[in-house]
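*Asks:* So that you have it, the file is structure.cif, and it contains mmCIF, C-alpha atoms and all ligand atoms:
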data_query
loop_
_atom_site.label_atom_id
_atom_site.label_comp_id
_atom_site.auth_asym_id
_atom_site.auth_seq_id
_atom_site.Cartn_x
_atom_site.Cartn_y
_atom_site.Cartn_z
CA MET X 9 1.54 -18.30 -21.29
CA ILE X 10 2.41 -14.74 -20.26
CA HIS X 11 4.97 -13.23 -22.64
CA LEU X 12 7.29 -11.13 -20.54
CA GLY X 13 9.54 -8.22 -21.43
CA ILE X 14 12.16 -6.75 -19.10
CA ILE X 15 13.41 -3.21 -18.55
CA GLY X 16 16.49 -2.95 -16.31
CA THR X 17 19.26 -5.52 -16.46
CA ASN X 18 20.54 -5.58 -12.89
CA TRP X 19 20.41 -8.70 -10.64
CA ILE X 20 16.83 -8.07 -9.51
CA SER X 21 15.57 -8.60 -13.07
CA HIS X 22 17.32 -11.98 -13.20
CA GLN X 23 15.67 -12.88 -9.91
CA PHE X 24 12.24 -11.93 -11.24
CA VAL X 25 12.75 -13.75 -14.56
CA ASN X 26 13.89 -16.88 -12.72
CA ALA X 27 10.83 -16.69 -10.44
CA ALA X 28 8.51 -16.13 -13.41
CA LEU X 29 10.01 -19.06 -15.35
CA GLU X 30 9.82 -21.30 -12.28
CA THR X 31 6.05 -20.78 -12.16
CA LYS X 32 5.90 -22.16 -15.75
CA ARG X 33 3.30 -19.49 -16.49
CA TYR X 34 5.63 -16.96 -18.18
CA ASP X 35 8.25 -17.00 -20.90
CA LEU X 36 10.91 -14.35 -21.46
CA THR X 37 10.10 -12.71 -24.78
CA ALA X 38 12.18 -9.53 -24.86
CA VAL X 39 14.83 -7.52 -23.05
CA TYR X 40 15.35 -3.76 -23.29
CA SER X 41 18.64 -2.15 -22.40
CA ARG X 42 20.31 1.09 -23.35
CA LYS X 43 23.09 -1.07 -24.83
CA LEU X 44 22.53 -4.08 -27.12
CA GLU X 45 25.49 -5.86 -25.61
CA THR X 46 23.99 -5.55 -22.10
CA ALA X 47 20.59 -6.80 -23.29
CA GLN X 48 22.17 -9.79 -25.03
CA LYS X 49 24.31 -10.62 -22.03
CA PHE X 50 21.18 -10.53 -19.85
CA GLY X 51 19.12 -12.68 -22.20
CA GLU X 52 21.66 -15.26 -23.35
CA GLU X 53 20.87 -17.76 -20.60
CA TYR X 54 17.12 -17.74 -21.36
CA GLY X 55 17.14 -18.95 -24.98
CA ASP X 56 15.17 -17.31 -27.76
CA VAL X 57 14.77 -13.64 -26.71
CA GLU X 58 14.29 -10.43 -28.69
CA TYR X 59 16.36 -7.35 -27.89
CA ALA X 60 15.71 -3.63 -28.16
CA THR X 61 17.71 -0.53 -27.34
CA ASP X 62 14.92 1.98 -27.82
CA LEU X 63 11.64 1.88 -25.96
CA LYS X 64 9.45 2.45 -29.02
CA THR X 65 10.80 -0.70 -30.70
CA PHE X 66 10.63 -2.61 -27.42
CA PHE X 67 7.00 -1.75 -26.68
CA GLY X 68 6.20 -2.42 -30.33
CA ILE X 69 6.99 -6.14 -29.93
CA ALA X 70 3.46 -7.38 -30.51
CA HIS X 71 3.61 -10.81 -28.86
CA MET X 72 5.07 -9.38 -25.61
CA ASP X 73 2.05 -8.71 -23.38
CA THR X 74 3.54 -7.88 -19.96
CA VAL X 75 6.56 -5.79 -18.99
CA TYR X 76 8.53 -5.91 -15.74
CA ILE X 77 10.14 -2.52 -15.03
CA ALA X 78 13.19 -2.50 -12.76
CA SER X 79 14.92 0.71 -13.74
CA PRO X 80 15.88 3.54 -11.32
CA ASN X 81 12.72 4.71 -9.49
CA SER X 82 12.19 8.05 -11.23
CA LEU X 83 12.16 6.40 -14.67
CA HIS X 84 9.29 4.02 -13.83
CA PHE X 85 6.58 6.57 -14.57
CA GLU X 86 7.45 7.45 -18.18
CA GLN X 87 8.31 3.83 -19.01
CA ALA X 88 5.09 2.53 -17.46
CA LYS X 89 3.07 5.16 -19.31
CA GLN X 90 4.64 4.26 -22.62
CA GLY X 91 4.03 0.55 -21.92
CA ILE X 92 0.37 1.04 -21.03
CA LEU X 93 -0.24 3.17 -24.11
CA ALA X 94 1.24 0.32 -26.17
CA GLY X 95 -1.32 -2.03 -24.57
CA LYS X 96 1.05 -3.87 -22.21
CA ASN X 97 0.38 -4.98 -18.65
CA ILE X 98 3.05 -3.54 -16.38
CA ILE X 99 4.74 -4.90 -13.28
CA VAL X 100 6.67 -2.03 -11.70
CA GLU X 101 9.35 -2.48 -9.06
CA LYS X 102 8.83 -0.81 -5.71
CA PRO X 103 8.53 2.11 -5.11
CA ALA X 104 6.48 2.18 -8.29
CA PHE X 105 6.09 5.96 -8.61
CA SER X 106 7.58 9.05 -7.00
CA THR X 107 4.41 11.06 -6.29
CA PRO X 108 0.65 10.52 -5.82
CA ALA X 109 0.03 12.44 -9.08
CA GLU X 110 2.13 9.92 -11.01
CA MET X 111 0.39 7.01 -9.27
CA GLU X 112 -3.08 8.35 -10.08
CA GLU X 113 -2.20 8.96 -13.71
CA ILE X 114 -0.95 5.41 -14.17
CA ILE X 115 -3.92 3.80 -12.39
CA GLU X 116 -6.33 5.81 -14.52
CA LEU X 117 -4.45 5.11 -17.75
CA ALA X 118 -4.25 1.37 -17.04
CA ASN X 119 -8.02 1.28 -16.43
CA GLN X 120 -8.69 3.20 -19.64
CA GLN X 121 -6.44 0.92 -21.68
CA LYS X 122 -7.82 -2.21 -19.98
CA VAL X 123 -4.41 -3.45 -18.90
CA PHE X 124 -3.15 -4.34 -15.43
CA PHE X 125 -0.67 -2.39 -13.30
CA PHE X 126 1.06 -4.23 -10.46
CA GLU X 127 3.54 -2.78 -7.99
CA ALA X 128 6.11 -5.48 -7.29
CA ALA X 129 5.78 -5.14 -3.51
CA ARG X 130 7.26 -8.57 -2.96
CA ASN X 131 6.57 -8.88 0.76
CA ILE X 132 2.78 -8.55 0.68
CA HIS X 133 2.53 -11.48 -1.74
CA GLU X 134 4.46 -13.88 0.49
CA LYS X 135 2.39 -16.60 2.20
CA SER X 136 4.07 -15.76 5.49
CA PHE X 137 2.90 -12.13 5.23
CA LYS X 138 -0.66 -13.23 4.49
CA LYS X 139 -0.59 -15.71 7.39
CA ILE X 140 0.43 -13.00 9.86
CA GLY X 141 -2.27 -10.72 8.42
CA ASP X 142 -4.90 -13.44 9.00
CA LEU X 143 -3.70 -13.87 12.56
CA LEU X 144 -3.99 -10.21 13.60
CA PRO X 145 -7.79 -10.05 14.00
CA LEU X 146 -7.66 -13.19 16.19
CA LYS X 147 -5.53 -11.43 18.79
CA ASN X 148 -6.95 -8.83 21.09
CA LYS X 149 -6.33 -5.14 21.06
CA ILE X 150 -3.22 -3.89 19.20
CA MET X 151 -1.09 -1.64 21.42
CA GLY X 152 1.58 -0.74 18.86
CA ALA X 153 4.24 -2.07 16.51
CA ASN X 154 7.89 -1.59 15.70
CA PHE X 155 9.21 -2.53 12.25
CA THR X 156 12.86 -2.38 11.19
CA TYR X 157 14.66 -2.81 7.87
CA MET X 158 18.12 -1.32 7.76
CA LYS X 159 20.95 -2.61 5.62
CA TYR X 160 24.27 -1.05 4.66
CA SER X 161 24.46 -0.55 0.92
CA SER X 162 27.79 -1.00 -0.82
CA ARG X 163 26.68 1.95 -2.97
CA TYR X 164 26.92 4.16 0.15
CA ASP X 165 30.70 3.80 -0.25
CA GLN X 166 30.32 5.77 -3.50
CA VAL X 167 28.47 8.53 -1.62
CA LEU X 168 31.38 8.70 0.84
CA ASP X 169 33.58 9.01 -2.24
CA GLY X 170 31.68 12.11 -3.37
CA GLN X 171 29.52 10.35 -6.00
CA GLU X 172 25.72 10.17 -6.40
CA PRO X 173 24.63 6.60 -7.24
CA ASN X 174 21.03 6.29 -8.47
CA ILE X 175 19.75 4.73 -5.26
CA PHE X 176 20.99 7.71 -3.22
CA SER X 177 19.96 10.39 -5.71
CA PRO X 178 16.96 12.74 -5.45
CA HIS X 179 17.07 12.92 -9.27
CA PHE X 180 16.22 9.17 -9.34
CA SER X 181 13.84 9.28 -6.33
CA GLY X 182 16.22 7.38 -4.08
CA GLY X 183 16.96 7.21 -0.35
CA ALA X 184 16.47 4.79 2.52
CA MET X 185 12.71 5.22 2.95
CA ALA X 186 12.05 4.85 -0.78
CA ASP X 187 14.27 1.79 -1.10
CA LEU X 188 13.86 -0.19 2.14
CA GLY X 189 11.31 1.73 4.22
CA VAL X 190 8.72 1.04 1.51
CA TYR X 191 8.51 -2.58 2.73
CA LEU X 192 7.75 -1.36 6.26
CA VAL X 193 5.11 1.05 5.01
CA TYR X 194 3.56 -1.78 2.98
CA ALA X 195 3.41 -3.93 6.11
CA ALA X 196 1.86 -1.18 8.24
CA VAL X 197 -0.69 -0.03 5.67
CA GLY X 198 -1.37 -3.59 4.52
CA TRP X 199 -2.07 -4.85 8.04
CA PHE X 200 -3.41 -1.77 9.87
CA GLY X 201 -4.77 0.48 7.10
CA MET X 202 -4.10 4.17 6.53
CA PRO X 203 -2.58 6.03 9.48
CA ASN X 204 -4.11 9.33 10.62
CA GLU X 205 -0.71 11.02 10.73
CA SER X 206 2.76 10.12 9.41
CA HIS X 207 6.06 11.71 10.51
CA TYR X 208 9.61 10.91 9.45
CA PHE X 209 12.74 12.03 11.30
CA ALA X 210 15.58 11.39 8.90
CA ARG X 211 19.29 12.06 8.68
CA LYS X 212 20.23 13.34 5.26
CA ILE X 213 23.44 12.33 3.49
CA PRO X 214 25.47 14.60 1.18
CA THR X 215 23.30 13.71 -1.84
CA ASP X 216 20.33 15.28 0.01
CA VAL X 217 18.25 12.13 0.51
CA ASP X 218 17.76 10.13 3.72
CA GLY X 219 20.52 7.74 4.74
CA ILE X 220 18.82 6.61 7.96
CA GLY X 221 15.68 7.56 9.85
CA THR X 222 12.74 6.77 12.10
CA ALA X 223 9.10 7.23 11.12
CA ILE X 224 6.02 7.20 13.30
CA LEU X 225 2.61 6.31 11.90
CA ARG X 226 -0.24 7.33 14.23
CA TYR X 227 -3.45 5.31 14.24
CA ASP X 228 -6.57 5.88 16.37
CA LEU X 229 -5.42 3.67 19.22
CA PHE X 230 -1.72 2.91 18.65
CA ASP X 231 1.47 4.04 16.94
CA VAL X 232 3.75 2.15 14.58
CA THR X 233 7.46 2.97 14.54
CA LEU X 234 9.48 2.29 11.38
CA GLN X 235 13.27 2.26 11.40
CA THR X 236 15.08 2.23 8.10
CA GLY X 237 18.52 2.98 6.77
CA LYS X 238 21.03 2.22 4.06
CA ASN X 239 24.18 3.45 5.81
CA ALA X 240 24.01 1.06 8.79
CA ASP X 241 22.91 -2.52 9.53
CA SER X 242 20.21 -3.49 12.00
CA PHE X 243 19.84 -6.95 13.48
CA LEU X 244 16.61 -6.14 15.37
CA ASP X 245 13.44 -8.18 15.05
CA SER X 246 10.12 -6.51 14.25
CA GLU X 247 7.29 -6.70 16.80
CA ILE X 248 3.55 -6.18 17.09
CA TYR X 249 2.27 -5.51 20.62
CA PHE X 250 -1.16 -6.72 21.83
CA ASP X 251 -2.76 -6.34 25.23
CA GLY X 252 -2.21 -10.10 25.74
CA GLY X 253 1.30 -10.50 24.40
CA THR X 254 3.82 -9.78 21.66
CA LEU X 255 4.20 -11.13 18.14
CA ILE X 256 7.89 -11.27 17.20
CA LEU X 257 8.79 -11.41 13.51
CA ASP X 258 12.31 -11.81 12.19
CA SER X 259 11.42 -9.05 9.70
CA VAL X 260 8.43 -7.68 7.84
CA ASN X 261 10.12 -7.51 4.45
CA ALA X 262 10.67 -11.29 4.26
CA ILE X 263 9.12 -13.09 7.21
CA SER X 264 10.62 -16.50 7.87
CA LYS X 265 10.17 -16.79 11.66
CA ALA X 266 7.29 -15.71 13.89
CA GLU X 267 6.60 -16.33 17.58
CA PHE X 268 3.82 -15.18 19.87
CA HIS X 269 4.69 -14.57 23.52
CA ASP X 270 1.50 -14.83 25.59
CA ARG X 271 1.93 -12.60 28.64
CA ASN X 272 -0.85 -14.19 30.70
CA HIS X 273 0.08 -17.82 30.16
CA GLN X 274 3.82 -17.27 29.81
CA GLU X 275 3.67 -19.36 26.62
CA ARG X 276 5.72 -19.07 23.43
CA ASP X 277 3.84 -20.14 20.37
CA ILE X 278 5.90 -20.76 17.23
CA ILE X 279 3.91 -19.91 14.13
CA GLU X 280 4.60 -22.30 11.24
CA LEU X 281 5.56 -20.42 8.07
CA THR X 282 6.60 -21.51 4.61
CA THR X 283 9.08 -19.58 2.49
CA GLU X 284 10.30 -19.92 -1.08
CA GLU X 285 13.94 -20.07 -2.10
CA ASN X 286 13.31 -17.37 -4.72
CA PRO X 287 11.46 -14.63 -2.78
CA MET X 288 9.74 -13.32 -5.93
CA ILE X 289 7.93 -16.51 -6.87
CA GLU X 290 4.79 -15.80 -4.84
CA GLU X 291 4.28 -12.39 -6.43
CA ALA X 292 4.90 -13.91 -9.88
CA HIS X 293 2.12 -16.43 -9.15
CA ASP X 294 -0.23 -13.74 -7.79
CA PHE X 295 0.23 -11.55 -10.88
CA ALA X 296 -0.24 -14.56 -13.18
CA ASP X 297 -3.51 -15.44 -11.40
CA VAL X 298 -4.90 -12.05 -12.43
CA LEU X 299 -3.31 -11.93 -15.88
CA GLU X 300 -4.64 -15.39 -16.79
CA ASN X 301 -8.15 -14.64 -15.49
CA PRO X 302 -8.86 -11.05 -16.50
CA ASN X 303 -12.63 -11.45 -16.18
CA ASP X 304 -12.74 -13.39 -12.91
CA SER X 305 -14.47 -11.34 -10.20
CA ILE X 306 -12.46 -12.81 -7.30
CA MET X 307 -9.17 -12.06 -9.06
CA GLY X 308 -10.54 -8.65 -10.00
CA ALA X 309 -11.27 -7.85 -6.36
CA ARG X 310 -7.78 -8.95 -5.28
CA TYR X 311 -6.28 -6.80 -8.01
CA GLU X 312 -8.29 -3.75 -6.89
CA GLU X 313 -7.07 -4.32 -3.32
CA TRP X 314 -3.43 -4.30 -4.46
CA VAL X 315 -3.97 -1.14 -6.51
CA GLU X 316 -5.62 0.60 -3.55
CA LEU X 317 -2.78 -0.50 -1.28
CA ALA X 318 -0.18 0.76 -3.78
CA ARG X 319 -1.99 4.10 -3.93
CA ASN X 320 -2.10 4.40 -0.13
CA VAL X 321 1.51 3.35 0.37
CA ASN X 322 2.57 5.95 -2.19
CA LYS X 323 0.60 8.62 -0.27
CA VAL X 324 2.18 7.67 3.07
CA LEU X 325 5.69 7.52 1.56
CA THR X 326 5.18 10.98 0.09
CA THR X 327 3.92 12.43 3.39
CA LEU X 328 6.88 10.88 5.23
CA ARG X 329 9.39 12.15 2.72
CA LYS X 330 7.98 15.67 2.76
CA SER X 331 7.89 15.75 6.56
CA ALA X 332 11.64 15.04 6.50
CA GLY X 333 12.27 17.78 3.93
CA ILE X 334 13.36 15.40 1.16
CA VAL X 335 12.64 16.80 -2.29
CA PHE X 336 12.76 14.67 -5.44
CA ASP X 337 13.16 16.11 -8.94
CA ALA X 338 9.81 14.41 -9.65
CA ASP X 339 8.13 16.83 -7.18
CA LYS X 340 9.07 19.72 -9.43
CA GLU X 341 7.93 18.13 -12.69
N1 LIG C 401 12.11 -6.23 -5.03
C1 LIG C 401 13.36 -6.22 -4.65
O1 LIG C 401 13.78 -7.02 -3.81
C2 LIG C 401 14.30 -5.20 -5.26
C3 LIG C 401 15.67 -5.33 -5.08
C4 LIG C 401 16.51 -4.43 -5.73
C5 LIG C 401 15.99 -3.39 -6.48
N2 LIG C 401 14.65 -3.27 -6.59
C6 LIG C 401 14.06 -2.18 -7.38
O2 LIG C 401 14.45 -2.37 -8.73
C7 LIG C 401 14.65 -1.10 -9.37
C8 LIG C 401 16.06 -1.06 -9.93
O3 LIG C 401 16.98 -1.02 -8.87
P1 LIG C 401 18.54 -1.20 -9.15
O4 LIG C 401 19.24 -1.04 -7.88
O5 LIG C 401 18.77 -2.41 -9.98
O6 LIG C 401 18.79 0.11 -10.05
P2 LIG C 401 20.02 0.54 -10.95
O7 LIG C 401 21.11 -0.46 -10.80
O8 LIG C 401 20.34 1.94 -10.66
O9 LIG C 401 19.42 0.46 -12.42
C9 LIG C 401 18.74 -0.68 -12.90
C10 LIG C 401 18.86 -0.73 -14.42
O10 LIG C 401 18.30 0.43 -15.00
C11 LIG C 401 19.10 0.89 -16.07
N3 LIG C 401 19.63 2.22 -15.73
C12 LIG C 401 20.54 2.54 -14.77
N4 LIG C 401 20.80 3.86 -14.77
C13 LIG C 401 20.05 4.38 -15.76
C14 LIG C 401 19.89 5.70 -16.25
N5 LIG C 401 20.57 6.73 -15.74
N6 LIG C 401 19.03 5.89 -17.29
C15 LIG C 401 18.35 4.86 -17.81
N7 LIG C 401 18.45 3.57 -17.38
C16 LIG C 401 19.30 3.35 -16.37
C17 LIG C 401 20.25 -0.11 -16.22
O11 LIG C 401 19.88 -1.03 -17.25
P3 LIG C 401 20.54 -0.92 -18.70
O12 LIG C 401 21.98 -0.54 -18.52
O13 LIG C 401 20.36 -2.29 -19.23
O14 LIG C 401 19.76 0.10 -19.48
C18 LIG C 401 20.27 -0.83 -14.89
O15 LIG C 401 20.64 -2.17 -14.97
C19 LIG C 401 14.37 -0.04 -8.30
O16 LIG C 401 13.06 0.41 -8.42
C20 LIG C 401 14.57 -0.80 -6.99
O17 LIG C 401 13.82 -0.25 -5.92
C21 LIG C 401 13.81 -4.17 -6.02
#
Do you think you could lay out the structure here as structure tokens?

*Replies:*
Amino acid sequence: MIHLGIIGTNWISHQFVNAALETKRYDLTAVYSRKLETAQKFGEEYGDVEYATDLKTFFGIAHMDTVYIASPNSLHFEQAKQGILAGKNIIVEKPAFSTPAEMEEIIELANQQKVFFFEAARNIHEKSFKKIGDLLPLKNKIMGANFTYMKYSSRYDQVLDGQEPNIFSPHFSGGAMADLGVYLVYAAVGWFGMPNESHYFARKIPTDVDGIGTAILRYDLFDVTLQTGKNADSFLDSEIYFDGGTLILDSVNAISKAEFHDRNHQERDIIELTTEENPMIEEAHDFADVLENPNDSIMGARYEEWVELARNVNKVLTTLRKSAGIVFDADKE
């Protein structure tokens, strides 16, 4: 059994805990919050849970072996570092770290301490994502792709009100690309590898991060366009273009429908996909596979692939952000 601790008490932590418990491979051991009352309110539905309001006490809980971190983005680094130094495996919500320097430090530290670091990039662990990835080499030449994830955030209302909620704050490494665009970058880098060039044309909001924007990733033979935003809604599908037809996906952040339109035969092929009710269950299983088999070479190779992908996604996100002139406090630290 994996003994899980939680940092961050918003809805996403409940979703992860429910996914983890559903796998029957984790129990909830401890909850950290800045306020005891908040921690207790979070944990009450899960039975026997320990609570902590300071990180030293929390990471000192000996029988907790793995910590899920879902705090504001800029806090992930220090919390992850403290967790690793206490000998805990860490599962860090996307985007795991604000800069490549932070990412490298954590990867190195986790290796030194012989613990695992996972970025909770939910979409790449979904069976549907893997199925599309397996399909790509079977099609002929890729001509391009267009991925969209754009959703109005109720917290944008606070920006319009003159406030700076965490998710729209450069102090907390927020913005549309960091929050939603990260899924698109994961899809592009996961399926096509590292681009040669990455450019982001973004519209800044009063808090000085991106509210909406379009990125172009340039590969040897094709370009991938990413459209993201948190101050508007998009209802567009995502598409991958081949010389023989077009693969249409209802999204790349949670794929539930996929169709291939064959140009030559005028055929529409529906690709069968399976999805889970709780979208975090597949990642919870993937992480457990590694955590339960730390010496298995196949699991080890999968783990290394995820770490390399996390590192590359972080590099692309940073290049995109800088090309749009978005500066995080973490850049200065
Ligand atoms: N995978 C997904 O589908 C998904 C969905 C949503 C969010 N996320 C990720 O989850 C993370 C959290 O996002 P969120 O929207 O839940 O963030 P948030 O509401 O701003 O903060 C999450 C938690 O962090 C703590 N916190 C908030 N402000 C803090 C501060 N100033 N200093 C210290 N702790 C603070 C709070 O817990 P306490 O009050 O208990 O201390 C809060 O519940 C982000 O990395 C985000 O990208 C992932």

*Asks:* Counting all atoms listed in the file, what residues are within 6 Å of ligand LIG 401 (chain C), given as a PyMOL selection string?

*Replies:* chain X and resi 16-18+20+41-42+46+78-81+101-103+130+174+187

*Asks:* With only C-alpha atoms as the counted atoms, please give the residues lying no more than 12 Å from Glu53 of chain X, apart from itself and same-chain residues fewer than 2 positions off, as an mmCIF file with C-alpha atoms, keeping the file's coordinate frame.

*Replies:*
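In the end it all went to part.cif:
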data_model
loop_
_atom_site.group_PDB
_atom_site.id
_atom_site.type_symbol
_atom_site.label_atom_id
_atom_site.label_comp_id
_atom_site.auth_asym_id
_atom_site.auth_seq_id
_atom_site.Cartn_x
_atom_site.Cartn_y
_atom_site.Cartn_z
ATOM 1 C CA HIS X 22 17.320 -11.980 -13.200
ATOM 2 C CA VAL X 25 12.750 -13.750 -14.560
ATOM 3 C CA ASN X 26 13.890 -16.880 -12.720
ATOM 4 C CA LEU X 36 10.910 -14.350 -21.460
ATOM 5 C CA ALA X 47 20.590 -6.800 -23.290
ATOM 6 C CA GLN X 48 22.170 -9.790 -25.030
ATOM 7 C CA LYS X 49 24.310 -10.620 -22.030
ATOM 8 C CA PHE X 50 21.180 -10.530 -19.850
ATOM 9 C CA GLY X 51 19.120 -12.680 -22.200
ATOM 10 C CA GLY X 55 17.140 -18.950 -24.980
ATOM 11 C CA ASP X 56 15.170 -17.310 -27.760
ATOM 12 C CA VAL X 57 14.770 -13.640 -26.710
#

*Asks:* As an NGL selection string, please: the residues near Glu291 of chain X (cut-off 8 Å, only C-alpha atoms, same-chain neighbours under 4 positions excluded).

*Replies:* :X and (128-130 or 133-134 or 295)

*Asks:* Hey, could you make a per-residue contact list for segment 90-167 of chain X against segment 315-325 of chain X with 8 Å as the cut-off, showing the nearest pair of atoms and its distance in Å to one decimal, counting only C-alpha atoms, sorted by chain and number, as a Markdown table?

*Replies:*
| residue | atom | partner | partner_atom | distance |
| --- | --- | --- | --- | --- |
| X:Pro103 | CA | X:Asn322 | CA | 7.7 |
| X:Phe105 | CA | X:Asn322 | CA | 7.3 |
| X:Ser106 | CA | X:Asn322 | CA | 7.6 |
| X:Thr107 | CA | X:Asn322 | CA | 6.8 |
| X:Pro108 | CA | X:Lys323 | CA | 5.9 |
| X:Met111 | CA | X:Arg319 | CA | 6.5 |
| X:Glu112 | CA | X:Arg319 | CA | 7.6 |
| X:Ile115 | CA | X:Val315 | CA | 7.7 |
| X:Phe125 | CA | X:Val315 | CA | 7.7 |
| X:Phe126 | CA | X:Val315 | CA | 7.1 |
| X:Glu127 | CA | X:Ala318 | CA | 6.6 |

*Asks:* Neighbouring residues of Glu58 of chain X were defined as those with any atom within 7 Å, considering all atoms listed in the file; residues of the same chain fewer than 6 positions away were excluded. Please report them as a list of chain:residue names.

*Replies:*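 Returned residues: X:Thr37, X:Ala38, X:Val39.
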
*Asks:* Residues at most 8 Å from segment 264-268 of chain X, counting all atoms listed in the file, excluding those fewer than 6 positions away in the same chain, as a ChimeraX atom specification?

*Replies:* /X:136,253-258,275-283

*Asks:* Between X:Asp169, X:Ile224, X:Asp218, X:Ala88, single out the one closest to Pro203 of chain X, counting all atoms listed in the file.

*Replies:* X:Ile224

*Asks:* Under the rule that all atoms listed in the file are counted, which of X:Ala223, X:Met288, X:Met158, X:Met185 is the nearest residue to Asp241 of chain X?

*Replies:* X:Met158

*Asks:* Please compute the atom CA of Tyr34 of chain X-atom CA of Lys135 of chain X distance, one decimal, in Å.

*Replies:* 20.6 Å

*Asks:* With only C-alpha atoms as the counted atoms, please give the residues lying no more than 10 Å from Ala196 of chain X, apart from itself and same-chain residues fewer than 5 positions off, as a PyMOL selection string.

*Replies:* chain X and resi 153-155+190-191+201-203+225+232-234+260+321
